[in-house]
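Data first, discussion second: the structure below is written as C-alpha cells.
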Amino acid sequence: MIMGKLTELLTREYPKPVTLEDGTPVILRPLLKGDEEALVKYFQTLPPEDRLCLKEDVTDPKVIENWIYELNYDDVLPLIALHNGQIVGDATLHFSPIGWTRHLGDLRLTTSTQYRVRGLGTILVQNLIDIAAHLDLEQLSVEIPPVLDKAFYLFEKLGFKEVAQLKGFVRDLEGTESDLVLMVMNLHEKKTKAGKKRAPAA
C-alpha cells in the first residue's frame, strides 16, 4: 500500500523545479541508480566537519556504491537537489512499512556549503515532510550534534521540537565524543492544527 502511494506521488511530483531565495534554479528528484559518480563527487565537496558527523564514511566510494546497489524506496527515500546537473543537496527519509516503528520516519540532511542560507535545506526537508504525511507517517525525528547548530534552527523553524539531549552519546569518525540532540515532529498533530485552520467559521 505504501509503495503504491509513494510511486504515484514521486511520478506525479518529480522531477520538481524550485527556486532558492536568491533566484537560483534547482531541480529536486529521487536518487537514481545512475547517480553514483555524482553522489561521490558531492560528498567530497562537503567540509570535513560535516562529514565527521555522518553515520558512515561518505569519502569511501564503496559506501556510496553500496547505497546505490541497495537503493530501495521501500525503506529509504533519498531526495537530491541538482543545479546545472551537479548534486548540491541530499536529504533522506528512513522508514519501515512493517513492525512497531512503521508509523515513524527519520530524516537526514546535507547541503553544499555554497548553497546554505539560501533556503535549500528548508525546501528539501519540507518536501520530505510532505512525502511522509502522504505516506501517513505520524512522527518524524532527526538527530543533530550540537556543532551543527544551524541545522537545529532549520528544523526548529519547520516545527520540530527538541525532546532530548544525550550527553557524550555519539562519536564522530575520528572517535571524538559528542552530545546528540533528538528533535521530533508530530505529523498527526500538525494535520489536526492545519484542519482546524481551514475549517469554516460556524
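By order of appearance in the C-alpha cells: chains A, B, ..., then residues from 1 within every chain, and ligands from 1 in the order shown.
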
Check region 115-201 of chain A with DSSP on the backbone and list each residue it calls strand (DSSP E or B), as JSON, numbers by chain. {"A": [139, 140, 141, 142, 143, 144, 161, 162, 163, 164, 165, 166, 167, 168, 169, 170, 171, 177, 178, 179, 180, 181, 182, 183, 184, 185, 186]}

Please, which residues of region 105-186 of chain A, numbered as in this document, come out helix (DSSP H, G or I) from DSSP, as a list of chain:residue names? A:Thr113, A:Gln114, A:Tyr115, A:Leu120, A:Gly121, A:Thr122, A:Ile123, A:Leu124, A:Val125, A:Gln126, A:Asn127, A:Leu128, A:Ile129, A:Asp130, A:Ile131, A:Ala132, A:Ala133, A:His134, A:Asp149, A:Lys150, A:Ala151, A:Phe152, A:Tyr153, A:Leu154, A:Phe155, A:Glu156, A:Lys157

Please report as a Markdown table every residue of region 87-142 of chain A lying within 12 Å of region 61-73 of chain A, along with the nearest atom pair and their distance in Å (one decimal), using only C-alpha atoms.
| residue | atom | partner | partner_atom | distance |
| --- | --- | --- | --- | --- |
| A:Thr92 | CA | A:Tyr73 | CA | 10.2 |
| A:Leu93 | CA | A:Tyr73 | CA | 9.2 |
| A:His94 | CA | A:Tyr73 | CA | 9.0 |
| A:Phe95 | CA | A:Tyr73 | CA | 9.3 |
| A:Ser96 | CA | A:Tyr73 | CA | 10.1 |
| A:Pro97 | CA | A:Tyr73 | CA | 10.6 |
| A:Ile131 | CA | A:Tyr73 | CA | 11.9 |

Written selection (N, CA and C atoms) as a PDB file, in the first residue's frame:
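Output below, filename selection_31.pdb:
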ATOM      1  N   THR A  92      17.333  12.512   3.163  1.00  0.00           N
ATOM      2  CA  THR A  92      16.774  11.167   3.107  1.00  0.00           C
ATOM      3  C   THR A  92      15.704  10.968   4.167  1.00  0.00           C
ATOM      4  N   LEU A  93      14.684  10.216   3.783  1.00  0.00           N
ATOM      5  CA  LEU A  93      13.623   9.794   4.694  1.00  0.00           C
ATOM      6  C   LEU A  93      13.778   8.294   4.908  1.00  0.00           C
ATOM      7  N   HIS A  94      14.029   7.903   6.158  1.00  0.00           N
ATOM      8  CA  HIS A  94      14.186   6.494   6.516  1.00  0.00           C
ATOM      9  C   HIS A  94      12.924   6.038   7.238  1.00  0.00           C
ATOM     10  N   PHE A  95      12.354   4.932   6.800  1.00  0.00           N
ATOM     11  CA  PHE A  95      11.124   4.442   7.427  1.00  0.00           C
ATOM     12  C   PHE A  95      10.986   2.949   7.162  1.00  0.00           C
ATOM     13  N   SER A  96      10.089   2.309   7.888  1.00  0.00           N
ATOM     14  CA  SER A  96       9.825   0.889   7.697  1.00  0.00           C
ATOM     15  C   SER A  96       8.326   0.682   7.546  1.00  0.00           C
ATOM     16  N   PRO A  97       7.888   0.014   6.477  1.00  0.00           N
ATOM     17  CA  PRO A  97       6.450  -0.185   6.270  1.00  0.00           C
ATOM     18  C   PRO A  97       5.847  -1.251   7.181  1.00  0.00           C
ATOM     19  N   ILE A 131       6.056  14.308   1.870  1.00  0.00           N
ATOM     20  CA  ILE A 131       6.023  12.905   1.449  1.00  0.00           C
ATOM     21  C   ILE A 131       5.650  12.009   2.626  1.00  0.00           C
TER      22      ILE A 131
END

Between A:Gly168, A:Val147, A:Asp136, A:Gly34, single out the one closest to Leu187 (chain A), counting only C-alpha atoms.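 Among A:Gly168, A:Val147, A:Asp136, A:Gly34, it is A:Asp136 that comes nearest to Leu187 (chain A).
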
Which is closest to Val76 (chain A) among A:Val117, A:Cys53, A:Ala132, A:Ile123, if we use only C-alpha atoms? A:Ala132

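The interatomic distance for the pair CA of Ser178 (chain A) and CA of Ala164 (chain A) works out to 13.9 Å.
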
Using only C-alpha atoms, pick whichever of A:Phe152, A:Pro145, A:Glu138, A:Thr59 has the shortest atom-to-atom distance to Leu166 (chain A).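 Using only C-alpha atoms, the shortest distance to Leu166 (chain A) belongs to A:Pro145.
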
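Put simply, CA of Val184 (chain A) is 18.9 Å away from CA of Leu54 (chain A).
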
Counting only C-alpha atoms, which residues of region 45-126 of chain A fall within 6 Å of region 25-31 of chain A, and what is the closest atom pair for each with its distance in Å at one decimal, ordered by chain and rising number, as JSON lines?
{"residue": "A:Pro78", "atom": "CA", "partner": "A:Leu31", "partner_atom": "CA", "distance": 5.5}
{"residue": "A:Leu79", "atom": "CA", "partner": "A:Pro30", "partner_atom": "CA", "distance": 4.4}
{"residue": "A:Ile80", "atom": "CA", "partner": "A:Arg29", "partner_atom": "CA", "distance": 5.7}
{"residue": "A:Ala81", "atom": "CA", "partner": "A:Leu28", "partner_atom": "CA", "distance": 4.6}
{"residue": "A:Leu82", "atom": "CA", "partner": "A:Ile27", "partner_atom": "CA", "distance": 5.1}
{"residue": "A:His83", "atom": "CA", "partner": "A:Val26", "partner_atom": "CA", "distance": 5.0}

Using only C-alpha atoms, which protein or nucleic acid residues come within 10 Å of Asp22 (chain A)? Drop anything in the same chain fewer than 6 positions from it, and give the result as a PyMOL selection string. chain A and resi 115+117-119

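Atom pair CA of Ser112 (chain A) / CA of Thr45 (chain A): separated by 7.0 Å.
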
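Using only C-alpha atoms, the nearest neighbour of Ala133 (chain A) within the list A:Asn186, A:Thr110, A:Thr19, A:Thr11 is A:Asn186.
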
Best match for closeness to Lys41 (chain A) among A:Asp57, A:Thr7, A:Ile87, A:Lys16, counting only C-alpha atoms: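 Of the candidates, the smallest distance to Lys41 (chain A) is held by A:Ile87.
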
Pick from A:Glu177, A:Ala91, A:Tyr42, A:Tyr153: nearest to Asp106 (chain A), with only C-alpha atoms counted?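 Closest residue, counting only C-alpha atoms: A:Ala91.
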
Do you know which residues are at most 7 Å from Leu180 (chain A) counting only C-alpha atoms, after dropping those on the same chain fewer than 2 positions away, and could you put them as a ChimeraX atom specification? /A:143-146,165-167,169-170,178,182

Store the residues of this selection in a file with C-alpha atoms, as a PDB file, in the first residue's frame.
ATOM      1  CA  GLU A 143      19.396  13.547  15.262  1.00  0.00           C
ATOM      2  CA  ILE A 144      21.683  16.586  15.362  1.00  0.00           C
ATOM      3  CA  PRO A 145      25.101  17.038  17.007  1.00  0.00           C
ATOM      4  CA  PRO A 146      25.232  20.458  18.757  1.00  0.00           C
ATOM      5  CA  GLN A 165      19.905  15.919  24.591  1.00  0.00           C
ATOM      6  CA  LEU A 166      22.114  12.904  25.181  1.00  0.00           C
ATOM      7  CA  LYS A 167      25.494  13.777  26.685  1.00  0.00           C
ATOM      8  CA  PHE A 169      26.211   9.771  23.212  1.00  0.00           C
ATOM      9  CA  VAL A 170      27.943   9.595  19.823  1.00  0.00           C
ATOM     10  CA  SER A 178      29.777  14.498  21.151  1.00  0.00           C
ATOM     11  CA  LEU A 182      16.948  14.474  19.265  1.00  0.00           C
TER      12      LEU A 182
END
